[in-house]
Structures are given as C-alpha cells and as structure tokens.
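Inspection log for the structure reproduced underneath, given as structure tokens.
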Amino acid sequence: MIYVMKKHQPRIIILIRVFLGLIFFTAGMSKLYFEHQFPGLIGPVWLEERLAEHDLGMYARFIACSQILAGLLLFTQRFATLGAILCFPIILNIFMVTVSMKWQGTPYVNAFLVLLNAWLLAYDYHKLKFILTDSFAEVKRVPLVRRNLRSDWLWGFAAVVIIASVPISYLSLELAWGLSAAGVIGIMINQLNSRKRKNDQIEETYTNSDRL
C-alpha cells in the first residue's frame with residue numbers, strides 16, 4: 001500500500017492542487033461576482049453582506065481576493081507551493097470559524113481540506129526547509145532560475161483577465177463569464193505546454209547522454 005502511494009503520489013498531489021484550487025477559486029469568484037452569479041463549490045457567498053453590517057465589507061472582499069489568488073496559484077502547478085502556503089491559514093481560519101459557530105458537519109469537511117493542504121506542504125518540504133535552517137550561506141548562493149519567463153507572463157496575463165471579469169460582471173454577466181473561462185483555459189493550456197517543454201528537455205538530455 002505504501003509503495004503504491006509513493007509511486008502515484010505525484011499524480012495525487014496534482015489532483016489535490018487542482019481540487020483545492022477549484023474550491024478556493026470558485027469560492028472567491030462567487031463572493032465578488034454580480035449577485036453572486038458564479039458557480040461556487042463552497043460558501044457562504046453572502047459573506048460580504050453579513051460582514052458589511054459590522055463595517056467589515058472590505059475585509060470580506062479581501063478574503064475573496066485571497067481565495068481567488070490562492071486558487072489560481074494552485075491551478076498553475078508552477079506556483080503551487082505559494083498557493084499551498086497562502087491556502088493554509090485561510091482554510092485553518094474557516095475551520096475555526098465553523099467550529100466556533102458550531103455548524104453541523106461543516107467542520108469535518110474543513111478539517112479534511114486542512115489535511116489535504118498539510119499534505120501539499122509536506123510534499124514541498126524540500127522547498128520550504130530552508131526557512132528552518134540556521135545556515136544561510138548555501139541558500140544565498142542558489143540563483144533564482146526561471147527557465148521560461150514567457151509562461152510566467154502568460155499566466156500573469158490570464159490571471160489579470162480573470163480578475164478583470166469581476167467588475168465587468170456588473171455590466172455584462174455573459175462577457176464576464178466568457179473572460180473568466182478564457183482565462184482559466186489559458187492557464188490550463190499554458191500549463192500543458194510548459195509540461196510538454198519540460199518533458200522534451202528531459203528527453204533531449206537523456207538522448208544527448210546516450211550519444212556521449
């Protein structure tokens with residue numbers, strides 16, 4: 001069983017990232033869209049209305065924007081570690097709110113999401129362990145390498161298109177939905193192309209080593 005889990009863990013991690021990304025992206029978008037006309041997997045979509053009664057409407061929008069950003073980061077796989085870091089305190093806060101308010105059943109769902117997020121962080125321990133080290137000499141020598149800046153720019157452009165669809169939803173829901181869908185599809189295509197380029201580079205490396 002353990003061998004099977006280790007063998008398939010990379011695929012499982014991708015599925016968890018997409019799952020959590022979808023949950024948080026749709027949750028944030030449904031809170032901000034005109035009359036909440038965006039499909040959300042978790043709620044409550046009326047968060048801003050309730051918090052606005054206590055002059056916390058801006059805070060509700062901040063939560064929604066954080067959820068959107070975390071979801072988009074998880075979608076990319078490219079910046080998924082940042083997404084997992086951002087998601088963890090959000091999920092933990094939601095979990096504590098549901099426990100404090102004694103919601104029936106919801107705390108168990110959120111506890112499961114916390115565990116999934118913790119799994120993502122544990123999987124990326126090799127990226128995060130430098131935060132805990134006492135020696136930074138070797139870390140300082142590690143260069144920041146981005147092999148494909150074009151993919152980074154494309155992801156950023158797609159994210160801007162998606163976020164821009166929020167204010168547009170107050171003018172035209174159909175146009176906003178179209179922009180949001182185009183942005184998500186763009187991120188997916190960009191990710192697939194990046195993975196293909198990475199696989200091609202690995203294949204080329206093995207081919208060159210065989211020739212030597």
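Here's how to read the names in the structure tokens: chain A, B, ... by the order shown, residue numbers from 1 in each chain, ligand numbers from 1 in the order shown.
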Residues of stretch 86-146 of chain A that have any atom at most 10 Å from an atom of stretch 10-30 of chain A: could you tabulate them with the shortest-distance atom pair and the distance in Å to one decimal, using only C-alpha atoms, ordered by chain and increasing number, as a Markdown table?
```
| residue | atom | partner | partner_atom | distance |
| --- | --- | --- | --- | --- |
| A:Cys87 | CA | A:Phe24 | CA | 8.3 |
| A:Ile90 | CA | A:Phe24 | CA | 9.5 |
| A:Ile91 | CA | A:Phe24 | CA | 9.4 |
| A:Leu113 | CA | A:Leu20 | CA | 7.7 |
| A:Leu116 | CA | A:Ile16 | CA | 6.9 |
| A:Asn117 | CA | A:Leu20 | CA | 7.9 |
| A:Trp119 | CA | A:Ile13 | CA | 8.2 |
| A:Leu120 | CA | A:Ile13 | CA | 6.7 |
| A:Tyr123 | CA | A:Ile13 | CA | 8.0 |
```
Atoms kept (N, CA and C atoms) for selection, written as an mmCIF file, in the first residue's frame:
```cif
data_model
loop_
_atom_site.group_PDB
_atom_site.id
_atom_site.type_symbol
_atom_site.label_atom_id
_atom_site.label_comp_id
_atom_site.auth_asym_id
_atom_site.auth_seq_id
_atom_site.Cartn_x
_atom_site.Cartn_y
_atom_site.Cartn_z
ATOM 1 N N CYS A 87 -3.031 29.162 1.059
ATOM 2 C CA CYS A 87 -4.287 28.478 1.372
ATOM 3 C C CYS A 87 -4.381 28.044 2.830
ATOM 4 N N ILE A 90 -5.909 30.362 5.392
ATOM 5 C CA ILE A 90 -7.299 30.622 5.009
ATOM 6 C C ILE A 90 -8.183 29.454 5.438
ATOM 7 N N ILE A 91 -7.767 28.237 5.082
ATOM 8 C CA ILE A 91 -8.550 27.053 5.444
ATOM 9 C C ILE A 91 -8.632 26.904 6.957
ATOM 10 N N LEU A 113 -10.060 19.362 4.374
ATOM 11 C CA LEU A 113 -9.339 20.291 3.494
ATOM 12 C C LEU A 113 -8.024 20.736 4.126
ATOM 13 N N LEU A 116 -5.565 17.944 3.581
ATOM 14 C CA LEU A 116 -5.087 17.935 2.192
ATOM 15 C C LEU A 116 -4.040 19.022 1.978
ATOM 16 N N ASN A 117 -4.310 20.207 2.526
ATOM 17 C CA ASN A 117 -3.360 21.315 2.386
ATOM 18 C C ASN A 117 -2.046 20.997 3.098
ATOM 19 N N TRP A 119 -0.813 18.086 3.507
ATOM 20 C CA TRP A 119 -0.138 17.100 2.657
ATOM 21 C C TRP A 119 0.671 17.805 1.569
ATOM 22 N N LEU A 120 0.065 18.828 0.968
ATOM 23 C CA LEU A 120 0.771 19.588 -0.070
ATOM 24 C C LEU A 120 2.037 20.237 0.490
ATOM 25 N N TYR A 123 4.678 17.630 1.098
ATOM 26 C CA TYR A 123 5.257 17.183 -0.171
ATOM 27 C C TYR A 123 6.305 18.175 -0.671
#
```
- Residue contacts of A:Gly156 (10 Å, only C-alpha atoms) excluding same-chain residues fewer than 6 positions away, as a PyMOL selection string: chain A and resi 72+150+162+183+187
With C-alpha atoms kept, could you save the residues just selected as a PDB file, in the first residue's frame?
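File result_29.pdb, as written:
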```
ATOM      1  CA  LEU A  72      -5.060  30.414  -9.313  1.00  0.00           C
ATOM      2  CA  ARG A 150       7.109  33.637 -21.290  1.00  0.00           C
ATOM      3  CA  ILE A 162      -9.938  36.518 -14.792  1.00  0.00           C
ATOM      4  CA  GLY A 183      -8.508  32.946 -18.551  1.00  0.00           C
ATOM      5  CA  ILE A 187      -3.841  28.848 -17.691  1.00  0.00           C
TER       6      ILE A 187
END
```
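Each of A:Arg147, A:Arg61, A:Ala122, A:Leu41 was checked against A:Thr81 using only C-alpha atoms; the smallest atom-to-atom distance is that of A:Ala122.
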- Nearby residues (only C-alpha atoms) at most 12 Å from A:Ile189, same-chain spacing under 4 positions excluded, as a PyMOL selection string: chain A and resi 75-76+151+154-155+158+182-185+193-196
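The space separating atom CA of A:Ile163 from atom CA of A:Phe95 comes to 26.1 Å.
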- Message: Among stretch 107-154 of chain A, which residues does DSSP mark as helix (DSSP H, G or I) when it is run on the backbone? Keep the chain and numbering as in the structure and answer as a VMD selection string.
- Response: chain A and resid 107 to 123 125 to 131 137 to 141 149 to 154
- Contacts of A:Ile94 within 12 Å, only C-alpha atoms, excl. fewer than 3 positions in-chain, as a ChimeraX atom specification: /A:24,42-44,47,63,67,87-91,97-101,103,106-111,113-114
Each stretch 22-101 of chain A residue no farther than 7 Å from stretch 164-172 of chain A, nearest pair in Å, only C-alpha atoms, as a Markdown table:
```
| residue | atom | partner | partner_atom | distance |
| --- | --- | --- | --- | --- |
| A:Leu32 | CA | A:Val166 | CA | 6.4 |
| A:Tyr33 | CA | A:Val166 | CA | 5.4 |
| A:Phe34 | CA | A:Tyr170 | CA | 5.2 |
```
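Among the candidates A:Gly40, A:Gly178, A:Gly83, A:Gly71, the residue lying nearest to A:Ala159 is A:Gly71 (atoms considered: only C-alpha atoms).
Our summary of the geometry notes that atom CA of A:Glu35 is positioned 21.3 Å from atom CA of A:Val160.
Remark: for A:Cys65, the closest of the candidate residues A:Leu92, A:Leu86, A:Leu115, A:Leu51 is A:Leu86 (distances computed over only C-alpha atoms).
For the atom pair formed by atom CA of A:Phe38 and atom CA of A:Ala181, the distance is 11.2 Å, given to one decimal.
Each of A:Phe62, A:Leu173, A:Met188, A:Ser180 was checked against A:Gln37 using only C-alpha atoms; the smallest atom-to-atom distance is that of A:Leu173.
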